[in-house]
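**Q** My questions all concern the structure below.
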Amino acid sequence: MKKRLLAMLLAGAMVFGLAACSGGDQGSAETPSSPESTAPAGETTPAGDEAKTIKVGMVCIGDENDQGYTYNFMRGVEEATAQLAEQGINVEWVYKTQILEDSGCEDANIELADAGCQIIINNSYGFESYMLKVAPDYPEIEFISCTNQASAVDDLANTHNAFANIYEGRYLAGVAGGMKLQQLIDEGTITAEEAVIGYVAAFPFAEVVSGYTAFYLGAKSVCPSVTMKVKYVNSWSNASEEAAAAAALADEGCVLISQHSDNTTPATAAQDAGVFHCGYNNDMTGVAPESSIISCRVDWAPYFVYAISAVANGEEFAQDWTAGYADGSVKLTTLNEAIAAPGTAEALEAAEAELADGLHVFAGPLSGHPAQDPDGEVWSIGEGEYFAESDLSQEGGLSAPQFCYIIDGITEE
Amino acid sequence: MHNGEKTPLIRLAKRESMPAAAQWGIRIAAILLALVVGGLVILISGNNPVQGYATIVEGALGKTSGIRQTVKNFIPLLGAALAIAPCFKMRFWNIGAEGQITAGAMCATYFALFWADRLPQVPLLLIMCAAGAVGGGIWALIPAFFKARWGTNETLFTLMMNYIIIGVVKWLQGGPWEKIPRGSQQIEQFASNACLPRVAGVYCGWIIVLVLTVLMFLYMRYTKHGYEIAVIGESENTARYAGMNVGWIIMRTMFLSGAIAGIVGFLLVSGANNTLYSGVANNAGFTAITVAWLAQLNPFAMVGISALLAVLQKGADTLNTQMSIPVSLSDVITGVLLFFMLGCEFFINYRLIFRGAEERQARKEAAKS
């Protein structure tokens, strides 16, 4: 008896609660009806409105709080949205953040497809195999896997890959780092042999190897005696492991830290150890003003503008895409003049000009062994030859980096 | 009132029994209350609760693809709940279903990776299923053996076993089983003959778990084994006195439990994911404990509870997509609902006695007579 009374009271409270809530939110503009979900690309637009609206989903391994990899995508999103608005294209973004490289990624892709997205962007390398399980079921949706390479072989018309020539940015950042090392040598702070770079690397994988090799070659172009130690953290994003690896490298005598990992902790660890740093994805001078010299990053805005406007205009867009420093797809962050070596800005300008003139970063003579396989077959190219990285004009060329050799001067740990 | 200081303000007493109608009254009240609290969470996130709930239901059941995803969530939940039911009936606290699923998944994956090129689909799937069952069974048998032999604490033991096997899979994923080119920390997607076929758009695991539901019901209700399990659950000494080999029954039941969990692991790798990774069980082994309790170990009730949770899981995902409510907040809503549902069982089984209430009751009765 008493219980029934209680139940009724609770039910009453519930009804009141809900009524109050719905009353309070009458003015809300959010009404998730889903007319978009049935609208194919570029067909329906709001009546009387010239602007086209494209719904784009993005599956992200992190979120904007990582201040690194996913943050860099979000920055591209903002920029692209603004540029597209000028072309009369509205973009409605839907995000699935903190997605792991497992079946959850498949669910996220389905979720976005059902939400009516016309383009779905997967921002991490490990997402592609799951994306490919969803793409065949939604032939009208364009699926993009950044930094990956299956679109060339998957027999699906609606899958795409894209990655900018980040090796050019790495090379330039390497020039800035190398200038600092040369300055330390010239001032007698370190000997020529002590010019050692420590590199915090995610995985022994082509994207990473290509990046640190370019960085090393950039540094070497201005500091011939430089060598480099690479430490893998076996994770794209693990703030504490990245910091530990940077600290260990500094302990081992590295005087400049660089990184291919998603967090800013290598920069702060470098500052704590009193060594210098070059970053990735994001300007890290804010967190490590006494240490971080410069960072390079991919600017995703040009690609987003290209792909989204193509869909909005009902055009095809490339299944594999790449662009470089000269196209604005790879950028350097503001040089930290307070700690950079004198003449760094000029050296960067010169290197940029060389790149624009067609300088090949992976130019011979170079030789090395396959990553993680010191006894593997030695690879080498001679004077005048070069390794064509991310060159789509080549037969079988892919946007995803392919250079995966450990060249002389670099050691893996 | 000196008397009152000695007795605590609130005491608990086991209820004898409660009429079914009253029980359901409490349950419905609890769900409603949970919806109100969950609604507050949605409100705090800056959205309309009614719309939020509508999105959950619509996301989970509104579209064919949504229903498919919901069913995909439902399969491991029900399967794992069925797996732990016999242990819990026996009062053997197996909280290692997560690890047993993973162990089964790992063993099934071995055959998917290395035997797919030599075997046609049906025998391969049967072997994978058997391997999953044996793998999960052995993983469960280890703590059962220690319990039967040396009386170790099964709760801690089964829990620890989870971490070991998840670590092993993590190692395989980045080591010997990693796909080429290396560096991805992923295992190759299975060949098509190692994948379970789809029925009605979802891999056929849903049929398998529904069949298992019936089998488990029959096993627990009508077999000698089921009876023995129930007796041990009531009183181990009674079982011993009746001449049952308690240690043997514990090991046998745990093997069965682990084997079913292992089959769930097989279903996940072969049907849902088509690959193996360390998070393959995705907490189903833990959530299943809630499912089993809420269903009071009745397999048919588990179907309903798993379905409800599956709807919530998928709905929460849609809530995140459509209203940008962080996934963590959607999880809070699910947690609130589970908390209230489990909590209400407490009030059905126990009653609270406030200080002085008994005296008043006694006085009232004295006045009557």
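Here's how to read the names in the structure tokens: chain A, B, ... by the order shown, residue numbers from 1 in each chain, ligand numbers from 1 in the order shown.
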Give as a ChimeraX atom specification every residue of chain B that touches chain A within 8 Å, counting only C-alpha atoms.

**A** /B:22,25-26,28-29,32-33,35-36,39,43,47-50,55,65-66,69,181-184,186,189,272-273,277,279,317-318,320-324

**Q** Store the residues picked out above, limited to N, CA and C atoms, as a compact mmCIF listing (two decimals), in the first residue's frame.

**A**
# COMPACT_ATOMS: atom_id res chain seq x y z
N ALA B 22 3.42 -5.26 -5.88
CA ALA B 22 4.21 -4.26 -5.17
C ALA B 22 5.64 -4.25 -5.70
N GLY B 25 5.68 -2.42 -8.79
CA GLY B 25 5.48 -1.00 -8.48
C GLY B 25 6.81 -0.34 -8.19
N ILE B 26 7.59 -1.02 -7.33
CA ILE B 26 8.89 -0.45 -6.96
C ILE B 26 9.80 -0.36 -8.17
N ILE B 28 9.03 -0.10 -11.35
CA ILE B 28 8.62 0.96 -12.28
C ILE B 28 8.98 2.32 -11.70
N ALA B 29 8.73 2.46 -10.40
CA ALA B 29 9.09 3.73 -9.76
C ALA B 29 10.57 4.00 -9.92
N LEU B 32 11.37 5.14 -13.40
CA LEU B 32 10.91 6.51 -13.62
C LEU B 32 11.86 7.50 -12.94
N LEU B 33 12.23 7.16 -11.72
CA LEU B 33 13.15 8.03 -10.99
C LEU B 33 14.48 8.15 -11.72
N LEU B 35 14.92 7.86 -14.88
CA LEU B 35 14.71 8.70 -16.06
C LEU B 35 14.76 10.17 -15.68
N VAL B 36 14.19 10.49 -14.52
CA VAL B 36 14.21 11.89 -14.08
C VAL B 36 15.65 12.34 -13.83
N GLY B 39 17.44 12.59 -16.96
CA GLY B 39 16.96 13.79 -17.63
C GLY B 39 17.69 15.03 -17.14
N LEU B 43 19.77 17.73 -19.15
CA LEU B 43 19.48 19.14 -18.97
C LEU B 43 20.76 19.92 -18.68
N ASN B 47 20.68 20.37 -23.06
CA ASN B 47 19.72 19.87 -24.04
C ASN B 47 18.39 19.57 -23.39
N ASN B 48 17.41 19.33 -24.23
CA ASN B 48 16.07 19.04 -23.76
C ASN B 48 15.96 17.55 -23.43
N PRO B 49 15.64 17.21 -22.18
CA PRO B 49 15.61 15.80 -21.78
C PRO B 49 14.63 14.95 -22.59
N VAL B 50 13.45 15.51 -22.87
CA VAL B 50 12.47 14.73 -23.62
C VAL B 50 13.03 14.39 -24.99
N THR B 55 15.73 10.85 -28.78
CA THR B 55 16.89 10.54 -29.63
C THR B 55 17.44 9.16 -29.32
N SER B 65 19.36 0.32 -39.80
CA SER B 65 20.78 0.24 -39.46
C SER B 65 20.99 0.43 -37.97
N GLY B 66 20.13 1.26 -37.36
CA GLY B 66 20.22 1.45 -35.92
C GLY B 66 19.88 0.17 -35.17
N GLN B 69 22.71 -2.24 -35.28
CA GLN B 69 23.77 -1.91 -34.32
C GLN B 69 23.35 -2.30 -32.91
N PRO B 181 52.08 -4.03 -43.52
CA PRO B 181 53.31 -3.55 -42.90
C PRO B 181 53.13 -3.31 -41.41
N ARG B 182 54.19 -3.57 -40.68
CA ARG B 182 54.14 -3.45 -39.23
C ARG B 182 53.99 -2.01 -38.78
N GLY B 183 53.64 -1.85 -37.51
CA GLY B 183 53.54 -0.51 -36.96
C GLY B 183 52.11 -0.11 -36.64
N SER B 184 51.15 -0.88 -37.13
CA SER B 184 49.77 -0.48 -36.93
C SER B 184 49.20 -0.97 -35.62
N GLN B 186 47.72 -3.61 -35.23
CA GLN B 186 46.45 -4.24 -35.56
C GLN B 186 46.69 -5.61 -36.16
N GLN B 189 42.40 -8.16 -40.86
CA GLN B 189 40.98 -8.55 -40.92
C GLN B 189 40.91 -10.00 -41.42
N ALA B 272 31.34 -9.93 -35.28
CA ALA B 272 31.22 -8.47 -35.14
C ALA B 272 32.44 -7.73 -35.66
N ASN B 273 33.65 -8.17 -35.26
CA ASN B 273 34.84 -7.36 -35.54
C ASN B 273 35.66 -7.86 -36.71
N TYR B 277 41.40 -7.71 -31.08
CA TYR B 277 42.19 -6.69 -30.38
C TYR B 277 41.91 -6.82 -28.89
N GLY B 279 40.72 -5.05 -26.61
CA GLY B 279 39.45 -4.61 -26.04
C GLY B 279 38.25 -5.35 -26.62
N ASP B 317 25.13 6.47 -27.99
CA ASP B 317 26.01 6.81 -29.10
C ASP B 317 25.34 7.84 -30.01
N THR B 318 24.07 7.61 -30.32
CA THR B 318 23.34 8.54 -31.17
C THR B 318 23.17 9.89 -30.48
N ASN B 320 25.19 11.22 -28.52
CA ASN B 320 26.48 11.89 -28.69
C ASN B 320 26.60 12.49 -30.09
N THR B 321 26.17 11.73 -31.10
CA THR B 321 26.30 12.21 -32.47
C THR B 321 25.37 13.38 -32.74
N GLN B 322 24.10 13.21 -32.36
CA GLN B 322 23.10 14.18 -32.77
C GLN B 322 23.09 15.43 -31.90
N MET B 323 23.30 15.28 -30.60
CA MET B 323 23.17 16.43 -29.72
C MET B 323 24.50 16.85 -29.12
N SER B 324 25.59 16.25 -29.61
CA SER B 324 26.94 16.53 -29.10
C SER B 324 27.03 16.41 -27.58

**Q** When you look at stretch 224-234 of chain B with a cut-off of 9 Å (counting only C-alpha atoms), what residues show up, excluding the ones that are within fewer than 5 positions of it in the same chain? I need them as a compact mmCIF listing (two decimals) with C-alpha atoms, in the first residue's frame.

**A**
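As a result, part_17.txt now contains:
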# COMPACT_ATOMS: atom_id res chain seq x y z
CA PRO B 86 25.44 -20.93 -13.58
CA CYS B 87 28.42 -19.67 -11.54
CA PHE B 88 26.36 -17.06 -9.80
CA LYS B 89 23.64 -19.61 -9.12
CA MET B 90 26.34 -21.63 -7.41
CA ARG B 91 27.46 -18.48 -5.52
CA PHE B 92 30.80 -18.68 -7.25
CA LEU B 218 16.67 -26.17 -19.64
CA TYR B 219 20.08 -26.93 -18.14
CA ALA B 239 25.55 -30.53 -1.01
CA ARG B 240 28.43 -32.31 0.66
CA MET B 244 27.92 -34.34 -4.09
CA VAL B 246 31.51 -30.09 -4.63
CA ILE B 249 30.95 -29.58 -9.67
CA ILE B 250 32.61 -26.20 -9.20
CA THR B 253 30.38 -25.48 -13.90

**Q** Give me the residues within 7 Å of stretch 175-180 of chain A as a list in words, counting only C-alpha atoms and dropping any in the same chain fewer than 5 places off.

**A**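 Final neighbour list, sorted by chain and number: Gly218, Ala219, Lys220, Ser221, Val222, Cys223, Cys278, Ala340, Ala341, Thr344 and Leu348 of chain A.
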
**Q** Ranking B:Leu337, B:Leu210, B:Ala191, B:Ala60 by minimum distance to B:Val37 and counting only C-alpha atoms, which one comes first?

**A** B:Leu337

**Q** So how many Å separate atom CA of A:Gly324 and atom CA of A:Tyr167, to one decimal?

**A** 8.7 Å

**Q** Report as number ranges by chain: the residues of stretch 188-317 of chain A with a DSSP assignment of strand (DSSP E or B), based on the backbone of this structure.

**A** A: 196-201, 227-232, 256-260, 276-280, 292-298

**Q** Please save C-alpha atoms of the selected residues as an mmCIF file, in the first residue's frame.

**A**
data_model
loop_
_atom_site.group_PDB
_atom_site.id
_atom_site.type_symbol
_atom_site.label_atom_id
_atom_site.label_comp_id
_atom_site.auth_asym_id
_atom_site.auth_seq_id
_atom_site.Cartn_x
_atom_site.Cartn_y
_atom_site.Cartn_z
ATOM 1 C CA VAL A 196 72.802 14.531 -31.086
ATOM 2 C CA ILE A 197 69.096 14.775 -31.775
ATOM 3 C CA GLY A 198 66.675 12.667 -29.721
ATOM 4 C CA TYR A 199 63.499 11.765 -31.525
ATOM 5 C CA VAL A 200 60.346 10.615 -29.715
ATOM 6 C CA ALA A 201 58.623 8.440 -32.312
ATOM 7 C CA THR A 227 73.468 12.300 -35.469
ATOM 8 C CA MET A 228 70.095 11.141 -34.185
ATOM 9 C CA LYS A 229 68.681 8.616 -31.712
ATOM 10 C CA VAL A 230 65.107 7.454 -32.106
ATOM 11 C CA LYS A 231 62.999 6.097 -29.266
ATOM 12 C CA TYR A 232 59.619 4.483 -29.985
ATOM 13 C CA LEU A 256 67.644 18.647 -29.237
ATOM 14 C CA ILE A 257 64.376 16.731 -28.950
ATOM 15 C CA SER A 258 61.859 16.347 -31.732
ATOM 16 C CA GLN A 259 58.780 14.212 -31.884
ATOM 17 C CA HIS A 260 56.240 12.319 -33.896
ATOM 18 C CA PHE A 276 65.937 22.305 -27.127
ATOM 19 C CA HIS A 277 62.917 21.021 -28.996
ATOM 20 C CA CYS A 278 61.137 21.056 -32.343
ATOM 21 C CA GLY A 279 57.462 20.099 -32.320
ATOM 22 C CA TYR A 280 54.764 18.660 -34.483
ATOM 23 C CA SER A 292 60.651 24.790 -28.261
ATOM 24 C CA ILE A 293 62.119 26.450 -31.336
ATOM 25 C CA ILE A 294 59.562 25.713 -34.042
ATOM 26 C CA SER A 295 56.960 23.148 -35.077
ATOM 27 C CA CYS A 296 55.700 21.946 -38.401
ATOM 28 C CA ARG A 297 52.187 20.860 -39.078
ATOM 29 C CA VAL A 298 49.834 19.738 -41.781
#

**Q** Nearest to A:Tyr303: which of A:Gly328, A:Gly286, A:Gly358, A:Gly88 is it, counting only C-alpha atoms?

**A** A:Gly328

**Q** Which residue out of A:Val209, A:Ala164, A:Val233, A:Cys254 has the minimum interatomic distance to A:Ile190 when only C-alpha atoms are used?

**A**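 For A:Ile190, the nearest of the given residues is A:Cys254.
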
**Q** Nearest to B:Gly167 among B:Trp115, B:Leu78, B:Ala133, B:Thr102, with distances taken over only C-alpha atoms: which residue is it?

**A**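 Ranking B:Trp115, B:Leu78, B:Ala133, B:Thr102 by distance to B:Gly167, first place goes to B:Thr102.
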
**Q** Could you produce a table of the residues of stretch 190-235 of chain B lying within 8 Å of stretch 81-85 of chain B, with the nearest pair of atoms per residue and their separation in Å rounded to one decimal, using only C-alpha atoms, ordered by chain and increasing residue number, as CSV?

**A**
residue,atom,partner,partner_atom,distance
B:Leu212,CA,B:Leu82,CA,7.7
B:Thr213,CA,B:Leu82,CA,6.8
B:Met216,CA,B:Leu82,CA,7.0

**Q** Could you save the residues just selected, with N, CA and C atoms, as an mmCIF file, in the first residue's frame?

**A**
data_model
loop_
_atom_site.group_PDB
_atom_site.id
_atom_site.type_symbol
_atom_site.label_atom_id
_atom_site.label_comp_id
_atom_site.auth_asym_id
_atom_site.auth_seq_id
_atom_site.Cartn_x
_atom_site.Cartn_y
_atom_site.Cartn_z
ATOM 1 N N LEU B 212 21.219 -20.510 -27.130
ATOM 2 C CA LEU B 212 21.898 -20.743 -25.844
ATOM 3 C C LEU B 212 20.990 -20.395 -24.666
ATOM 4 N N THR B 213 20.167 -19.360 -24.854
ATOM 5 C CA THR B 213 19.256 -18.957 -23.781
ATOM 6 C C THR B 213 18.341 -20.113 -23.402
ATOM 7 N N MET B 216 20.311 -22.940 -21.805
ATOM 8 C CA MET B 216 20.707 -22.626 -20.430
ATOM 9 C C MET B 216 19.522 -22.740 -19.482
#

**Q** Fewer than 3 positions away in the same chain doesn't count, so skip those; otherwise give me all residues within 12 Å of A:Tyr306, counting only C-alpha atoms, as a PyMOL selection string.

**A** chain A and resi 80-81+83-84+87+89+162+300-303+309-313+315-318+321-323+329

**Q** Could those residues be written to a file, using C-alpha atoms, as a CSV table (one decimal), in the first residue's frame?

**A**
chain,number,residue,atom,x,y,z
A,80,ALA,CA,38.0,25.4,-44.1
A,81,THR,CA,34.5,26.2,-42.8
A,83,GLN,CA,36.7,29.6,-46.6
A,84,LEU,CA,33.8,27.5,-47.8
A,87,GLN,CA,32.0,30.2,-51.6
A,89,ILE,CA,28.9,26.5,-48.9
A,162,ALA,CA,44.9,12.2,-48.3
A,300,TRP,CA,44.2,20.4,-43.5
A,301,ALA,CA,42.1,23.4,-44.6
A,302,PRO,CA,43.1,23.3,-48.3
A,303,TYR,CA,42.2,19.6,-48.6
A,309,SER,CA,33.5,22.0,-52.4
A,310,ALA,CA,33.8,19.1,-54.9
A,311,VAL,CA,30.9,17.2,-53.1
A,312,ALA,CA,28.9,20.4,-52.8
A,313,ASN,CA,29.2,21.0,-56.6
A,315,GLU,CA,32.0,16.9,-58.8
A,316,GLU,CA,34.4,14.0,-58.4
A,317,PHE,CA,37.4,14.4,-56.3
A,318,ALA,CA,40.7,12.6,-56.2
A,321,TRP,CA,45.5,13.5,-52.7
A,322,THR,CA,48.7,15.2,-51.6
A,323,ALA,CA,50.1,18.7,-51.5
A,329,SER,CA,49.2,22.3,-46.9

**Q** Near stretch 243-247 of chain A, within 6 Å and counting only C-alpha atoms, which residues show up once chain neighbours fewer than 5 positions away are dropped, as an NGL selection string?

**A** :A and (265-266 or 269)
